[in-house]
>>> print(open('query39.pdb').read())   # PDB, C-alpha atoms
ATOM      1  CA  LEU A   1      11.098  48.449  -9.296
ATOM      2  CA  ASP A   2      11.656  50.152  -5.959
ATOM      3  CA  ARG A   3       8.663  48.359  -4.472
ATOM      4  CA  ILE A   4       9.898  44.949  -5.595
ATOM      5  CA  GLY A   5      13.504  45.664  -4.687
ATOM      6  CA  ILE A   6      16.755  45.143  -6.531
ATOM      7  CA  ASP A   7      17.728  42.085  -4.457
ATOM      8  CA  ALA A   8      14.419  40.359  -5.226
ATOM      9  CA  ILE A   9      14.777  41.164  -8.920
ATOM     10  CA  ALA A  10      18.355  39.845  -8.981
ATOM     11  CA  ALA A  11      17.284  36.627  -7.251
ATOM     12  CA  ARG A  12      14.405  36.180  -9.688
ATOM     13  CA  LEU A  13      16.694  36.680 -12.696
ATOM     14  CA  LEU A  14      19.124  34.039 -11.403
ATOM     15  CA  MET A  15      16.227  31.637 -10.843
ATOM     16  CA  LEU A  16      14.992  32.204 -14.401
ATOM     17  CA  ARG A  17      18.558  31.801 -15.671
ATOM     18  CA  ARG A  18      18.837  28.420 -13.951
ATOM     19  CA  HIS A  19      15.516  27.370 -15.442
ATOM     20  CA  ILE A  20      16.769  28.281 -18.927
ATOM     21  CA  GLU A  21      20.059  26.475 -18.288
ATOM     22  CA  ASP A  22      18.156  23.336 -17.232
ATOM     23  CA  LYS A  23      16.031  23.520 -20.380
ATOM     24  CA  LEU A  24      19.114  24.016 -22.565
ATOM     25  CA  ARG A  25      20.837  20.995 -21.028
ATOM     26  CA  ALA A  26      17.685  18.903 -21.497
ATOM     27  CA  ALA A  27      17.784  19.931 -25.173
ATOM     28  CA  GLY A  28      21.412  18.790 -25.412
ATOM     29  CA  LEU A  29      22.905  22.298 -25.337
ATOM     30  CA  GLU A  30      25.496  23.552 -22.863
ATOM     31  CA  PRO A  31      25.054  27.102 -21.551
ATOM     32  CA  VAL A  32      28.066  29.398 -21.735
ATOM     33  CA  HIS A  33      29.028  31.192 -18.556
ATOM     34  CA  ALA A  34      32.772  30.648 -18.214
ATOM     35  CA  GLY A  35      32.491  29.503 -14.607
ATOM     36  CA  CYS A  36      31.368  32.867 -13.274
ATOM     37  CA  PRO A  37      30.279  32.987  -9.639
ATOM     38  CA  ASP A  38      26.594  33.698  -9.031
ATOM     39  CA  ASP A  39      27.250  37.280  -7.961
ATOM     40  CA  GLU A  40      28.727  38.005 -11.408
ATOM     41  CA  LEU A  41      25.937  36.392 -13.446
ATOM     42  CA  SER A  42      22.978  38.111 -15.047
ATOM     43  CA  GLY A  43      19.773  36.658 -16.425
ATOM     44  CA  ILE A  44      21.290  36.490 -19.904
ATOM     45  CA  VAL A  45      22.064  32.954 -21.080
ATOM     46  CA  ALA A  46      23.659  31.844 -24.330
ATOM     47  CA  ALA A  47      24.339  28.384 -25.695
ATOM     48  CA  PRO A  48      26.142  27.252 -28.848
ATOM     49  CA  VAL A  49      23.866  25.548 -31.348
ATOM     50  CA  ASN A  50      24.351  23.361 -34.363
ATOM     51  CA  PRO A  51      24.630  25.811 -37.279
ATOM     52  CA  ALA A  52      22.042  23.934 -39.358
ATOM     53  CA  ARG A  53      19.530  23.726 -36.505
ATOM     54  CA  GLY A  54      20.274  26.998 -34.733
ATOM     55  CA  GLU A  55      18.963  29.190 -37.530
ATOM     56  CA  GLU A  56      15.818  27.053 -37.773
ATOM     57  CA  ALA A  57      15.202  27.221 -34.014
ATOM     58  CA  PHE A  58      15.798  30.976 -34.065
ATOM     59  CA  LYS A  59      13.240  31.462 -36.840
ATOM     60  CA  ARG A  60      10.678  29.275 -35.053
ATOM     61  CA  LEU A  61      11.125  31.317 -31.885
ATOM     62  CA  LEU A  62      10.740  34.622 -33.714
ATOM     63  CA  ASP A  63       7.631  33.340 -35.520
ATOM     64  CA  ALA A  64       6.177  32.449 -32.102
ATOM     65  CA  LYS A  65       6.916  35.999 -30.861
ATOM     66  CA  VAL A  66       9.664  34.806 -28.488
ATOM     67  CA  SER A  67      12.318  37.470 -28.059
ATOM     68  CA  VAL A  68      15.692  35.758 -28.521
ATOM     69  CA  SER A  69      18.917  36.629 -30.330
ATOM     70  CA  LEU A  70      21.125  34.606 -32.619
ATOM     71  CA  ARG A  71      24.722  35.632 -31.980
ATOM     72  CA  HIS A  72      28.056  34.278 -33.207
ATOM     73  CA  ASP A  73      31.285  33.950 -31.257
ATOM     74  CA  ALA A  74      34.736  34.875 -32.596
ATOM     75  CA  LYS A  75      34.990  31.480 -34.325
ATOM     76  CA  GLY A  76      31.634  31.976 -36.048
ATOM     77  CA  THR A  77      29.750  29.442 -33.904
ATOM     78  CA  PRO A  78      26.088  30.424 -33.601
ATOM     79  CA  HIS A  79      24.616  30.861 -30.117
ATOM     80  CA  LEU A  80      21.022  31.334 -29.043
ATOM     81  CA  ARG A  81      20.897  34.131 -26.476
ATOM     82  CA  PHE A  82      18.033  34.375 -24.007
ATOM     83  CA  SER A  83      17.538  37.502 -21.912
ATOM     84  CA  PRO A  84      14.601  37.112 -19.533
ATOM     85  CA  HIS A  85      13.194  39.903 -17.420
ATOM     86  CA  PHE A  86      12.085  39.463 -13.814
ATOM     87  CA  TYR A  87       8.442  39.504 -14.869
ATOM     88  CA  ASN A  88       8.833  36.529 -17.231
ATOM     89  CA  THR A  89       7.465  33.214 -16.013
ATOM     90  CA  GLU A  90       8.768  29.676 -16.055
ATOM     91  CA  ALA A  91       5.756  28.785 -18.210
ATOM     92  CA  GLU A  92       6.879  31.308 -20.848
ATOM     93  CA  ILE A  93      10.346  29.749 -20.863
ATOM     94  CA  ASP A  94       8.833  26.273 -21.152
ATOM     95  CA  GLN A  95       6.729  27.496 -24.079
ATOM     96  CA  ALA A  96       9.831  28.855 -25.825
ATOM     97  CA  PHE A  97      11.561  25.496 -25.529
ATOM     98  CA  ALA A  98       8.468  23.671 -26.742
ATOM     99  CA  VAL A  99       8.544  25.890 -29.841
ATOM    100  CA  MET A 100      12.241  25.202 -30.334
ATOM    101  CA  GLY A 101      11.827  21.466 -30.154
ATOM    102  CA  LYS A 102      14.788  19.133 -29.851
ATOM    103  CA  MET A 103      18.100  20.559 -30.944
TER     104      MET A 103
END
>>> encode(input="query39.pdb", output="structure tokens")
Amino acid sequence: LDRIGIDAIAARLLMLRRHIEDKLRAAGLEPVHAGCPDDELSGIVAAPVNPARGEEAFKRLLDAKVSVSLRHDAKGTPHLRFSPHFYNTEAEIDQAFAVMGKM
């Protein structure tokens, strides 16, 4: 981590976050980030999903060995939560969304 550097890791996580956000929007899902400025964002991205389809997508992702969480907000709305690490690739994210299919 010291060799790579914290700034490079932070930049990579934001790039991966944007890639996930683009994929979510292409799937018809809107990422949740409450308008935070970039310097307050992490790599973690969540998006509300249709309750009937969210559970199915979550199970497909788990079956494909994709690490993702299914969380619920205070109103009970399910959200898929992605938490990439700096060593993840865009291809891995693309694969996850291919597994998920259209939401």
>>> resolve_selection(input="query39.pdb", expression="the PyMOL selection byres ((chain A and resi 66) around 12)", output="PyMOL selection string")
chain A and resi 57-65+67-69+80-84+88+92-100
>>> residues_around(input="query39.pdb", residues="Glu30 in chain A", least_positions_apart="3", cutoff="9 Å", atoms="only C-alpha atoms", output="MDAnalysis selection string")
chainID A and resid 21 24:25 27 46:49
>>> atom_distance(input="query39.pdb", atom1="CA of Glu56 in chain A", atom2="CA of Asp73 in chain A")
18.1 Å
>>> residues_around(input="query39.pdb", residues="Ala10 in chain A", least_positions_apart="3", cutoff="10 Å", atoms="only C-alpha atoms", output="list in words")
Gly5, Ile6, Asp7, Leu13, Leu14, Met15, Leu16, Asp39, Leu41, Ser42, Gly43, His85 and Phe86 of chain A
>>> atom_distance(input="query39.pdb", atom1="CA of Pro78 in chain A", atom2="CA of Pro51 in chain A")
6.1 Å
>>> atom_distance(input="query39.pdb", atom1="CA of Gly76 in chain A", atom2="CA of Val32 in chain A")
15.0 Å
